[in-house]
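Student: I have a structure I would like to understand better, so I am pasting it below and will then ask my questions one at a time.
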2 protein chains.
Amino acid sequence: MSDELLGVDGPEWLRADGADSDVVMSSRVRLARNIAGFPFLSKASDDDRRQTLELVRDRVLSGGISEGMLWVDVAESSEDERHLLVERHLISRQHAKGSGARGAAISAPDERLSIMVNEEDHLRIQVMRSGLAVAEAMTQIDQVDDAIEGQIGYAFSPRFGYLTACPTNVGTGMRVSVMLHLPGLRMTGEIEKVRRAAKSLNLAVRGFYGEGSEASGDLFQISNQTTLGKTERRIVRDFESTILPKVLDYERKSRHALLTRSRLKVVDRSHRALGILQSARLMTAEEALKLISRVRLGVLLGVVEGVELSTLNRLILLTQPAHLQRAVKSTLNQAQRRIARADLCRDRLAGK
Amino acid sequence: MSDELLGVDGPEWLRADGADSDVVMSSRVRLARNIAGFPFLSKASDDDRRQTLELVRDRVLSGGISEGMLWVDVAESSEDERHLLVERHLISRQHAKGSGARGAAISAPDERLSIMVNEEDHLRIQVMRSGLAVAEAMTQIDQVDDAIEGQIGYAFSPRFGYLTACPTNVGTGMRVSVMLHLPGLRMTGEIEKVRRAAKSLNLAVRGFYGEGSEASGDLFQISNQTTLGKTERRIVRDFESTILPKVLDYERKSRHALLTRSRLKVVDRSHRALGILQSARLMTAEEALKLISRVRLGVLLGVVEGVELSTLNRLILLTQPAHLQRAVKSTLNQAQRRIARADLCRDRLAGK
């Protein structure tokens, strides 16, 4: 896989230099689309799949959709390469594990835009941005969506909107999600309130790696569930103006409360976490995320000094199995990864 | 209380420069004695207690028993001062908590010899040495015992030997004990075997602070239970030549096994412990002992560098409540001690 694609700086969304990046790690919008005139994937023959794949690949590589796109043939990629893309949130686990002709187009080096081809739908278009930037992501994905529609043509029903493989995506076919770092709400135990509130608003709360993944490192994905009966703009507005400001406010208040009521406990927790990251010789990915989250809270609250947020954000990704193996340039079993992960944390936090 | 007594270097037994000090922290011999012509303490009047106290104090201060002895009037000491003596193993908890005229004579600055007056018996004579030095302690205590007997005269029965308040001490009135650091046996889970073996040999296994205290920091006291029907020399020989070499051998073998079979786990544990001690802002005495023990094992196995054993041994004592308060020169509640303890550990391990 191209080194150009997976540069050392990491994807743009990890820089945490966007708006409200004390709480919002990244914002994401994705669209589910199918190409007019081709059968849905559940009914597609191998030949159909190849045709849709080639159609999109040719348009992408000709620059007809967006400039500077790279093409990854997922079916031909190694397992390590596919995991790497999953960890970077460029393709889904389903796409990595799937079978048959399938691919992904990715904008390099920023990795803001990615298009999965032949996942559940013919096209899954995604734009990801650092910090709270749902509207910006929406603007970009609109342009891409228009470009693809102009070049390829979508399956669309005047009554239902965009047609998708799964009925939950029918309508706008759009899902908006944000990755939030909520250590304050987690520590004060109020996270369950947020979960309940989100559920009542028809929002899904998931872990760092989407459906079925635990909220490791106090990282939570919140996304809309409704795609039918609302316009794209309405979905974005509800999300960005109504729901998120409340969650951000809760999180910041709980951090402030921790700092005033349990300052020493927070200082102790974050310094212990840093001490362990700087000392351990064995480390699971789960523990690394937990410790990084605690240090991150300490840095954000100004009680841990000398550690850059960008270093921590990068470690979130680099401590994941596939990235770890890429960093040490070899394939490792689980026991070896624990050693390499501890080494990496010590090195990075020593500024190496 | 005299600063001369409780100097910064700590007692001699903490230096860990004695024989087999990789496993044996200290050796201790104590004798229970009562003065002829005075009623046992259970039947003594306040006046009797004062008389035995004054008798011993006068002999001690005149230099008639041993040179360089300091006198502490335990009944007149503050609670903090009494706790300090308990933590240093110079007096028992019972002696600290007791009532009525009572005192202690202590050799300064080495603190090898201490004599409790009016504890359970009129006299409890103790010699404590660094490392495995039961025979040396025995030689010293013999001399002291002879000197006291020459000056004061003991309650003695030709049939039972030295008469003591509690029947379990009758006979030689002697108890021999060693403080062992057994992290290897603790980690491999074989410590229970040692407990069972010790029990079958009529030995008691206790924690760092004697009866009823838990084996904090993997520190265990092993002592003889039988005082009747064996000569002093026989007790010492059984202890030093038969039982201890086996325990030392078990511990060393288990450490070696850990190093060959689970090297990384041991390296990880000891470095994490050091990292936490160097980072935490809140620390209980219990946790401090646990962490110090892990670092100590790492230093002894050569996998942790840059930390002196003497620093760790001193921290074992300095992290105890009364010593901690002495170190910061103020009375602290439990919450304040947790802060001061963490600060002390960070400072000492940074070489301050």
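As shown in the structure tokens, the chain order sets the letters A, B, ...; within each chain, residues go from 1, and ligands are also counted from 1 in the order they appear.
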For stretch 157-173 of chain A, list every protein, DNA or RNA residue within 10 Å, evaluated using only C-alpha atoms, and leave out those in the same chain fewer than 5 positions away; present the list as an MDAnalysis selection string.
Tutor: chainID A and resid 30:36 40:42 120:124 225:232 235
Student: Quick one: which residues from chain A are at most 9 Å off chain B, using only C-alpha atoms, as a tab-separated table (two decimals) with C-alpha atoms, in the first residue's frame?
Tutor:
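Below is the file selection-v5.tsv, written as the result:
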```
chain	number	residue	atom	x	y	z
A	264	LEU	CA	-6.09	16.00	43.54
A	265	LYS	CA	-7.81	12.84	42.42
A	267	VAL	CA	-4.12	15.16	39.08
A	268	ASP	CA	-3.20	11.82	40.65
A	269	ARG	CA	-5.04	9.78	38.02
A	270	SER	CA	-3.55	11.58	35.06
A	271	HIS	CA	-0.01	11.57	36.43
A	272	ARG	CA	-0.23	7.88	37.34
A	273	ALA	CA	-1.45	7.15	33.82
A	274	LEU	CA	1.47	9.08	32.35
A	275	GLY	CA	3.88	7.33	34.72
A	276	ILE	CA	2.64	3.93	33.61
A	277	LEU	CA	2.78	4.84	29.91
A	278	GLN	CA	6.37	6.00	30.45
A	279	SER	CA	7.37	2.88	32.41
A	280	ALA	CA	5.46	-0.21	31.34
A	281	ARG	CA	7.09	-2.95	29.32
A	282	LEU	CA	3.85	-4.71	28.36
A	339	ILE	CA	5.94	-5.33	24.09
```
Student: Using DSSP on the backbone coordinates, identify the residues of stretch 73-318 of chain A assigned to helix (DSSP H, G or I); present them as a PyMOL selection string.
Tutor: chain A and resi 74-76+79-87+93-97+134-151+167-169+183-188+191-200+216-218+232-261+263-277+285-300+309-318
Student: Report, in Å with one decimal, the straight-line distance from atom CA of A:Arg50 to atom CA of A:Trp71.
Tutor: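 Computing the Euclidean distance for atom CA of A:Arg50 and atom CA of A:Trp71 yields 14.7 Å.
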Student: Give me, as a list of chain:residue names, all polymer residues having an atom no more than 8 Å from B:Glu251, counting only C-alpha atoms and skipping those fewer than 5 positions away in the same chain.
Tutor: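 So, after excluding close chain neighbours, the residues are B:Val23, B:Leu182, B:Pro183, B:Gly184, B:Leu185.
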Student: For stretch 190-194 of chain A, work out the shell of residues within 12 Å, counting only C-alpha atoms and skipping chain neighbours fewer than 5 positions away, then give it as number ranges by chain.
Tutor: A: 180-185, 199-201, 203-206, 215, 218-222, 243-244, 246-251, 253-255
Student: Would you pick out the contacts of A:Gly98 at 8 Å or less, using only C-alpha atoms, so that residues sharing its chain but fewer than 3 positions from it are not included, and give the list as a list in words?
Tutor: Gln94, His95 and Glu119 of chain A
Student: For B:Arg129, work out the shell of residues within 7 Å, counting only C-alpha atoms and skipping chain neighbours fewer than 2 positions away, then give it as a PyMOL selection string.
Tutor: chain B and resi 12-13+26-28+112+127+131+133+137
Student: Tell me, as a VMD selection string, which residues lie within 10 Å of stretch 321-323 of chain A, counting only C-alpha atoms; anything in the same chain fewer than 6 positions away does not count.
Tutor: chain A and resid 6 79 to 88 284 to 285 315 329 to 334 337 to 338 340 to 341
